[in-house]
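Heads up: the structure comes next, in structure tokens.
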Amino acid sequence: MADVTAGDVPLDVIALVRELVRRPTISGDAAAQRDALGVVTDVLRERAPHLEVTTGRDPDHPWTLLRTPTDPARPQLLFACHVDTVPAADPGEWQRDPFGADLDEGRVWGRGGSDMKAGLVAAVAALGAADPQTPVALLLTSDEEIGSQGAAAAAAAVAEQRIGAVVVPEATGNQVVLGHRGALWLAVRTAGRAAHGSTPERGHNAVLDLVAVLGRAARNLPLGTDPFLGTETWNPGQVSGGTVPNVVPDRAEAVIDMRTVGDGRALLDWWRGQPEVADVVVRVDLPPVGTPADDPWVATLPAPVLSVPATYFTDASVLRPVVRGAPIVVWGPGTPAVMHAVDEYVELAELEQAAAVFAEVAVRWRG
């Protein structure tokens with residue numbers, strides 16, 4: 001079942017996901033992401049010309065909101081999808097072209113297959129099939145992978161809508177996930193005094209200061225715990241310092257990726273309170289997300305509900321404050337283990353199942 005009924009023109013979900021995977025839409029490339037937004041919008045307008053389209057004007061973080069032309073006072077079912085991907089690092093290690101969108105072994109192979117172009121296509125199928133009088137909407141965002149920047153640019157427009165429920169079709173193997181931890185990314189910087197490498201006693205080594213702080217963090221960082229979201233984590237994902245080997249470094253920096261269960265204030269205060277730290281800059285600050293398992297709408301979804309959260313963050317962190325308490329689920333086709341990995345793929349059976357089930361959920365939505 002490659003074709004899904006969408007308006008009067010069938011939507012070939014396999015062809016569309018292959019078309020999107022062939023297009024490199026790396027985070028930070030606004031032009032490529034804007035082009036992908038245009039492709040998806042054109043596909044939908046061909047099948048559902050009644051859709052209302054709002055296009056963001058942010059030149060760096062484009063977004064598009066498409067919705068059925070119903071009474072705006074009726075709560076809408078919102079699908080929220082990003083078009084960007086992480087880079088295809090080390091392409092020589094891939095067994096296939098990362099942007100070839102090969103169709104083989106019941107899978108489409110390539111960067112973005114699971115994260116999250118398959119989920120996007122399933123949402124496109126649902127909106128295209130929705131009755132014009134059913135309040136359904138699709139938000140397309142950019143730069144999710146680098147801190148949900150496109151969703152942040154679109155937040156004001158979403159806040160103007162009345163949202164009744166949100167589906168974020170990230171890769172969950174078509175199982176419903178009720179939340180995820182937040183993300184707090186900090187640039188932690190130390191400052192020293194330069195000197196000749198042969199006389200280090202005349203300088204002050206900023207790298208050694210940074211090493212001392214990182215070692216202390218491993219022992220003392222106040223990581224919180226939540227019954228559903230689990231324990232907070234930290235990862236020094238980038239470390240830099242110095243200029244050349246024979247100069248005592250007068251600066252060093254580590255970018256710390258922390259996945260949070262609260263507001264992150266205690267973690268931020270800890271880093272700022274270390275005596276060696278000269279400066280801390282917040283790069284990303286996204287809150288955690290959680291929807292109660294006994295939510296009435298969640299109980300109607302035709303898919304199993306997992307008892308554990310997603311391990312990654314999503315645009316839901318940005319949308320949660322502007323949808324006024326509407327339930328949010330992460331639910332879509334794809335394999336979490338291959339997200340961001342070499343030889344990423346999506347199972348065609350999962351894509352087709354998601355397209356059909358999302359369309360069913362949209363048809364049953366009454367707002």
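We name chains A, B, ... following the order of the structure tokens; residues begin at 1 in each chain, and ligands are numbered from 1 as shown.
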Within 7 Å of region 170-184 of chain A, counting only C-alpha atoms, which residues show up once you throw out same-chain ones fewer than 4 positions away? Write them as a PyMOL selection string, please.
chain A and resi 114-116+119+229+257-261+264+284-291+303-306+309-313+317+329-336+350+354
From region 149-311 of chain A, collect each residue whose DSSP state is helix (DSSP H, G or I) and return the set as a PyMOL selection string.
chain A and resi 149-159+200-202+206-220+265-272+296-300
Using N, CA and C atoms, can you write the selected residues to a file as a short mmCIF file (atom, residue, chain, number, x, y, z; two decimals), in the first residue's frame?
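The resulting out.cif:
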data_model
loop_
_atom_site.label_atom_id
_atom_site.label_comp_id
_atom_site.auth_asym_id
_atom_site.auth_seq_id
_atom_site.Cartn_x
_atom_site.Cartn_y
_atom_site.Cartn_z
N GLN A 149 14.91 25.75 16.78
CA GLN A 149 14.89 27.18 16.47
C GLN A 149 13.75 27.55 15.54
N GLY A 150 13.41 26.66 14.60
CA GLY A 150 12.28 26.94 13.73
C GLY A 150 10.97 26.94 14.49
N ALA A 151 10.81 26.01 15.42
CA ALA A 151 9.60 25.98 16.25
C ALA A 151 9.50 27.24 17.09
N ALA A 152 10.63 27.71 17.60
CA ALA A 152 10.61 28.96 18.37
C ALA A 152 10.16 30.13 17.50
N ALA A 153 10.60 30.15 16.24
CA ALA A 153 10.18 31.21 15.33
C ALA A 153 8.70 31.14 15.03
N ALA A 154 8.13 29.92 15.05
CA ALA A 154 6.72 29.73 14.73
C ALA A 154 5.81 29.80 15.95
N ALA A 155 6.37 29.87 17.13
CA ALA A 155 5.58 29.74 18.35
C ALA A 155 4.46 30.77 18.46
N ALA A 156 4.74 32.00 18.07
CA ALA A 156 3.71 33.04 18.17
C ALA A 156 2.52 32.73 17.27
N ALA A 157 2.78 32.21 16.10
CA ALA A 157 1.69 31.86 15.18
C ALA A 157 0.88 30.70 15.72
N VAL A 158 1.55 29.72 16.32
CA VAL A 158 0.83 28.59 16.91
C VAL A 158 -0.02 29.07 18.09
N ALA A 159 0.51 30.01 18.85
CA ALA A 159 -0.23 30.53 20.01
C ALA A 159 -1.53 31.21 19.60
N PRO A 200 55.91 27.35 31.53
CA PRO A 200 54.48 27.38 31.87
C PRO A 200 54.20 28.05 33.21
N GLU A 201 55.23 28.11 34.08
CA GLU A 201 55.02 28.74 35.38
C GLU A 201 54.75 30.24 35.25
N ARG A 202 55.06 30.83 34.12
CA ARG A 202 54.83 32.27 33.94
C ARG A 202 53.39 32.56 33.44
N ALA A 206 44.44 27.65 31.03
CA ALA A 206 42.97 27.59 31.05
C ALA A 206 42.47 26.17 30.79
N VAL A 207 43.23 25.39 30.03
CA VAL A 207 42.81 24.02 29.75
C VAL A 207 42.81 23.18 31.02
N LEU A 208 43.85 23.35 31.85
CA LEU A 208 43.91 22.60 33.09
C LEU A 208 42.77 22.99 34.03
N ASP A 209 42.43 24.26 34.01
CA ASP A 209 41.26 24.69 34.80
C ASP A 209 40.00 24.00 34.32
N LEU A 210 39.82 23.93 33.00
CA LEU A 210 38.63 23.29 32.46
C LEU A 210 38.60 21.80 32.79
N VAL A 211 39.75 21.16 32.71
CA VAL A 211 39.83 19.74 33.06
C VAL A 211 39.43 19.53 34.51
N ALA A 212 39.87 20.42 35.38
CA ALA A 212 39.53 20.30 36.80
C ALA A 212 38.02 20.43 37.01
N VAL A 213 37.40 21.36 36.30
CA VAL A 213 35.96 21.55 36.45
C VAL A 213 35.20 20.34 35.93
N LEU A 214 35.61 19.82 34.78
CA LEU A 214 34.92 18.65 34.22
C LEU A 214 35.06 17.43 35.13
N GLY A 215 36.24 17.26 35.70
CA GLY A 215 36.41 16.16 36.64
C GLY A 215 35.53 16.30 37.86
N ARG A 216 35.39 17.51 38.36
CA ARG A 216 34.54 17.75 39.52
C ARG A 216 33.07 17.52 39.17
N ALA A 217 32.68 17.90 37.93
CA ALA A 217 31.30 17.71 37.50
C ALA A 217 30.92 16.23 37.52
N ALA A 218 31.85 15.39 37.12
CA ALA A 218 31.58 13.95 37.10
C ALA A 218 31.23 13.42 38.48
N ARG A 219 31.74 14.09 39.51
CA ARG A 219 31.47 13.64 40.88
C ARG A 219 30.33 14.40 41.55
N ASN A 220 30.18 15.68 41.23
CA ASN A 220 29.35 16.55 42.07
C ASN A 220 28.18 17.24 41.36
N ARG A 265 17.78 25.06 36.63
CA ARG A 265 18.38 26.17 37.35
C ARG A 265 19.53 25.71 38.25
N ALA A 266 19.34 24.59 38.93
CA ALA A 266 20.40 24.10 39.84
C ALA A 266 21.66 23.73 39.06
N LEU A 267 21.48 23.17 37.88
CA LEU A 267 22.63 22.81 37.06
C LEU A 267 23.37 24.05 36.58
N LEU A 268 22.62 25.03 36.10
CA LEU A 268 23.25 26.28 35.65
C LEU A 268 23.98 26.95 36.79
N ASP A 269 23.37 27.01 37.96
CA ASP A 269 24.02 27.64 39.12
C ASP A 269 25.29 26.90 39.51
N TRP A 270 25.29 25.57 39.38
CA TRP A 270 26.49 24.81 39.76
C TRP A 270 27.66 25.19 38.87
N TRP A 271 27.45 25.20 37.56
CA TRP A 271 28.54 25.56 36.66
C TRP A 271 29.03 26.98 36.91
N ARG A 272 28.11 27.90 37.11
CA ARG A 272 28.51 29.29 37.35
C ARG A 272 29.22 29.47 38.68
N PRO A 296 -7.72 11.56 28.40
CA PRO A 296 -8.81 10.93 27.64
C PRO A 296 -8.50 10.78 26.15
N TRP A 297 -7.84 11.78 25.56
CA TRP A 297 -7.52 11.66 24.13
C TRP A 297 -6.48 10.57 23.89
N VAL A 298 -5.48 10.49 24.74
CA VAL A 298 -4.46 9.46 24.60
C VAL A 298 -5.10 8.08 24.62
N ALA A 299 -6.10 7.92 25.46
CA ALA A 299 -6.77 6.61 25.57
C ALA A 299 -7.46 6.20 24.28
N THR A 300 -7.76 7.14 23.39
CA THR A 300 -8.44 6.80 22.13
C THR A 300 -7.48 6.44 21.01
#
TODO: Name the residues in contact with Pro59 (chain A) at a cut-off of 12 Å, using only C-alpha atoms, excluding same-chain residues fewer than 5 positions from it; report them as a PyMOL selection string.
DONE: chain A and resi 28-31+33-34+142+149-150+153
Using only C-alpha atoms, the best pick from A:Pro245, A:Gly38, A:Pro62, A:Gly164 as closest to Gly325 (chain A) would be A:Gly164
If you run DSSP on the backbone, which residues of region 104-251 of chain A are strand (DSSP E or B), as an mmCIF file with N, CA and C atoms, in the first residue's frame?
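That gives us states_2.cif:
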data_model
loop_
_atom_site.group_PDB
_atom_site.id
_atom_site.type_symbol
_atom_site.label_atom_id
_atom_site.label_comp_id
_atom_site.auth_asym_id
_atom_site.auth_seq_id
_atom_site.Cartn_x
_atom_site.Cartn_y
_atom_site.Cartn_z
ATOM 1 N N ASP A 104 15.318 -0.684 -0.793
ATOM 2 C CA ASP A 104 15.864 -2.038 -0.738
ATOM 3 C C ASP A 104 15.507 -2.679 0.596
ATOM 4 N N ARG A 107 12.950 -1.130 2.866
ATOM 5 C CA ARG A 107 13.329 0.096 3.561
ATOM 6 C C ARG A 107 13.702 1.185 2.561
ATOM 7 N N VAL A 108 13.561 2.425 2.982
ATOM 8 C CA VAL A 108 14.192 3.554 2.298
ATOM 9 C C VAL A 108 15.399 3.949 3.134
ATOM 10 N N TRP A 109 16.571 3.958 2.480
ATOM 11 C CA TRP A 109 17.827 4.219 3.177
ATOM 12 C C TRP A 109 18.274 5.651 2.936
ATOM 13 N N VAL A 136 -7.787 20.250 11.454
ATOM 14 C CA VAL A 136 -6.489 19.585 11.482
ATOM 15 C C VAL A 136 -5.455 20.543 10.913
ATOM 16 N N ALA A 137 -4.246 20.514 11.475
ATOM 17 C CA ALA A 137 -3.192 21.420 11.027
ATOM 18 C C ALA A 137 -1.856 20.696 11.006
ATOM 19 N N LEU A 138 -0.944 21.219 10.211
ATOM 20 C CA LEU A 138 0.417 20.684 10.106
ATOM 21 C C LEU A 138 1.400 21.837 10.229
ATOM 22 N N LEU A 139 2.287 21.739 11.210
ATOM 23 C CA LEU A 139 3.356 22.720 11.381
ATOM 24 C C LEU A 139 4.652 22.116 10.871
ATOM 25 N N LEU A 140 5.291 22.799 9.937
ATOM 26 C CA LEU A 140 6.583 22.383 9.395
ATOM 27 C C LEU A 140 7.645 23.345 9.904
ATOM 28 N N THR A 141 8.676 22.816 10.537
ATOM 29 C CA THR A 141 9.698 23.684 11.134
ATOM 30 C C THR A 141 11.085 23.335 10.611
ATOM 31 N N ILE A 163 -5.383 24.957 19.890
ATOM 32 C CA ILE A 163 -4.875 23.608 19.677
ATOM 33 C C ILE A 163 -5.487 22.668 20.705
ATOM 34 N N GLY A 164 -6.037 21.542 20.228
ATOM 35 C CA GLY A 164 -6.657 20.576 21.119
ATOM 36 C C GLY A 164 -5.764 19.410 21.468
ATOM 37 N N ALA A 165 -4.839 19.055 20.576
ATOM 38 C CA ALA A 165 -3.906 17.957 20.816
ATOM 39 C C ALA A 165 -2.781 18.068 19.796
ATOM 40 N N VAL A 166 -1.622 17.515 20.138
ATOM 41 C CA VAL A 166 -0.439 17.614 19.281
ATOM 42 C C VAL A 166 0.181 16.226 19.106
ATOM 43 N N VAL A 167 0.501 15.899 17.858
ATOM 44 C CA VAL A 167 1.289 14.707 17.538
ATOM 45 C C VAL A 167 2.608 15.171 16.946
ATOM 46 N N VAL A 168 3.709 14.734 17.551
ATOM 47 C CA VAL A 168 5.048 14.995 17.006
ATOM 48 C C VAL A 168 5.531 13.670 16.425
ATOM 49 N N VAL A 176 3.155 5.097 20.972
ATOM 50 C CA VAL A 176 2.898 6.414 21.560
ATOM 51 C C VAL A 176 3.829 6.629 22.746
ATOM 52 N N VAL A 177 4.535 7.763 22.719
ATOM 53 C CA VAL A 177 5.439 8.144 23.804
ATOM 54 C C VAL A 177 4.910 9.431 24.425
ATOM 55 N N GLY A 179 6.358 11.683 26.527
ATOM 56 C CA GLY A 179 7.189 12.814 26.899
ATOM 57 C C GLY A 179 8.659 12.537 26.736
ATOM 58 N N HIS A 180 9.456 13.507 27.146
ATOM 59 C CA HIS A 180 10.913 13.383 27.084
ATOM 60 C C HIS A 180 11.541 14.445 27.976
ATOM 61 N N GLY A 182 14.091 17.564 28.976
ATOM 62 C CA GLY A 182 14.472 18.794 28.315
ATOM 63 C C GLY A 182 15.949 18.779 27.948
ATOM 64 N N ALA A 183 16.418 19.885 27.401
ATOM 65 C CA ALA A 183 17.822 19.998 26.999
ATOM 66 C C ALA A 183 18.361 21.350 27.435
ATOM 67 N N LEU A 184 19.485 21.322 28.111
ATOM 68 C CA LEU A 184 20.189 22.539 28.517
ATOM 69 C C LEU A 184 21.622 22.411 28.024
ATOM 70 N N TRP A 185 21.981 23.219 27.032
ATOM 71 C CA TRP A 185 23.322 23.205 26.477
ATOM 72 C C TRP A 185 24.051 24.464 26.931
ATOM 73 N N LEU A 186 25.180 24.264 27.565
ATOM 74 C CA LEU A 186 25.948 25.385 28.112
ATOM 75 C C LEU A 186 27.352 25.419 27.523
ATOM 76 N N ALA A 187 27.818 26.609 27.168
ATOM 77 C CA ALA A 187 29.229 26.812 26.832
ATOM 78 C C ALA A 187 29.925 27.284 28.107
ATOM 79 N N VAL A 188 30.741 26.406 28.685
ATOM 80 C CA VAL A 188 31.442 26.694 29.940
ATOM 81 C C VAL A 188 32.874 27.101 29.590
ATOM 82 N N ARG A 189 33.291 28.287 30.032
ATOM 83 C CA ARG A 189 34.568 28.845 29.612
ATOM 84 C C ARG A 189 35.476 29.142 30.803
ATOM 85 N N THR A 190 36.752 28.859 30.610
ATOM 86 C CA THR A 190 37.766 29.222 31.594
ATOM 87 C C THR A 190 38.761 30.180 30.954
ATOM 88 N N ALA A 191 39.388 30.995 31.781
ATOM 89 C CA ALA A 191 40.340 31.999 31.283
ATOM 90 C C ALA A 191 41.673 31.841 32.000
ATOM 91 N N ARG A 193 46.276 32.786 31.426
ATOM 92 C CA ARG A 193 47.240 33.807 31.009
ATOM 93 C C ARG A 193 48.281 33.128 30.125
ATOM 94 N N HIS A 196 55.068 31.382 27.221
ATOM 95 C CA HIS A 196 55.795 30.443 26.376
ATOM 96 C C HIS A 196 55.653 29.030 26.951
ATOM 97 N N HIS A 204 49.091 30.923 33.075
ATOM 98 C CA HIS A 204 48.036 30.201 33.798
ATOM 99 C C HIS A 204 47.250 29.422 32.754
ATOM 100 N N THR A 225 16.180 13.780 39.363
ATOM 101 C CA THR A 225 15.494 12.554 38.939
ATOM 102 C C THR A 225 13.988 12.782 38.960
ATOM 103 N N ASP A 226 13.305 12.176 37.998
ATOM 104 C CA ASP A 226 11.845 12.250 37.919
ATOM 105 C C ASP A 226 11.309 10.828 37.764
ATOM 106 N N GLY A 230 13.081 9.910 34.450
ATOM 107 C CA GLY A 230 14.351 9.298 34.823
ATOM 108 C C GLY A 230 15.338 10.305 35.379
ATOM 109 N N THR A 231 16.621 9.997 35.268
ATOM 110 C CA THR A 231 17.685 10.822 35.843
ATOM 111 C C THR A 231 18.310 11.712 34.782
ATOM 112 N N THR A 233 21.128 13.716 32.682
ATOM 113 C CA THR A 233 22.442 13.305 32.184
ATOM 114 C C THR A 233 23.235 14.530 31.758
ATOM 115 N N TRP A 234 24.551 14.341 31.660
ATOM 116 C CA TRP A 234 25.391 15.416 31.125
ATOM 117 C C TRP A 234 26.454 14.817 30.224
ATOM 118 N N ASN A 235 26.820 15.573 29.193
ATOM 119 C CA ASN A 235 27.816 15.105 28.243
ATOM 120 C C ASN A 235 28.614 16.297 27.725
ATOM 121 N N PRO A 236 29.944 16.347 27.987
ATOM 122 C CA PRO A 236 30.773 17.399 27.387
ATOM 123 C C PRO A 236 31.036 17.054 25.925
ATOM 124 N N GLY A 237 30.153 17.525 25.053
ATOM 125 C CA GLY A 237 30.199 17.107 23.656
ATOM 126 C C GLY A 237 31.264 17.779 22.825
ATOM 127 N N GLN A 238 31.694 18.965 23.204
ATOM 128 C CA GLN A 238 32.750 19.675 22.489
ATOM 129 C C GLN A 238 33.701 20.284 23.507
ATOM 130 N N VAL A 239 34.994 20.141 23.264
ATOM 131 C CA VAL A 239 36.022 20.726 24.132
ATOM 132 C C VAL A 239 37.070 21.374 23.239
ATOM 133 N N SER A 240 37.441 22.606 23.564
ATOM 134 C CA SER A 240 38.458 23.304 22.791
ATOM 135 C C SER A 240 39.269 24.199 23.717
ATOM 136 N N GLY A 241 40.477 24.515 23.282
ATOM 137 C CA GLY A 241 41.310 25.411 24.082
ATOM 138 C C GLY A 241 42.694 25.560 23.490
ATOM 139 N N VAL A 247 52.395 27.307 23.417
ATOM 140 C CA VAL A 247 51.884 28.480 24.133
ATOM 141 C C VAL A 247 50.926 27.999 25.215
ATOM 142 N N ARG A 251 42.630 30.421 27.162
ATOM 143 C CA ARG A 251 41.173 30.226 27.115
ATOM 144 C C ARG A 251 40.873 28.774 26.783
#
### Query
CA of Pro24 (chain A) to CA of Val338 (chain A): how many Å, to one decimal?
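According to the coordinates, CA of Pro24 (chain A) and CA of Val338 (chain A) are separated by 17.3 Å.
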Counting only C-alpha atoms, closest pick from A:Glu19, A:Asp102, A:Asp315, A:Glu360 relative to Ile146 (chain A) is A:Asp315
Report task. Check the smallest atom-to-atom distance from each of A:Leu127, A:Lys117, A:Val83, A:Arg45 to Phe358 (chain A) using only C-alpha atoms, then report the winner. Result ->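 Checking each of A:Leu127, A:Lys117, A:Val83, A:Arg45 against Phe358 (chain A), counting only C-alpha atoms, the winner is A:Leu127.
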Of the listed residues A:Arg57, A:Arg111, A:Arg283, A:Arg366, that which approaches Val346 (chain A) most closely, counting only C-alpha atoms: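 Distance minimum relative to Val346 (chain A) lands on A:Arg111.
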Need the shell around Leu11 (chain A): protein/DNA/RNA residues with any atom at most 12 Å away, counting only C-alpha atoms. Skip same-chain ones fewer than 6 positions apart. Format as a PyMOL selection string? chain A and resi 1-5+17+40+43-48+121-129+352+355-356
TODO: Find the distance between CA of Val357 (chain A) and CA of Glu344 (chain A) and write it in Å to one decimal.
DONE: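 Interatomic distance here is 23.4 Å.
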How many Å separate CA of Arg74 (chain A) from CA of His61 (chain A)?
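That distance, rounded to one decimal, is 28.5 Å.
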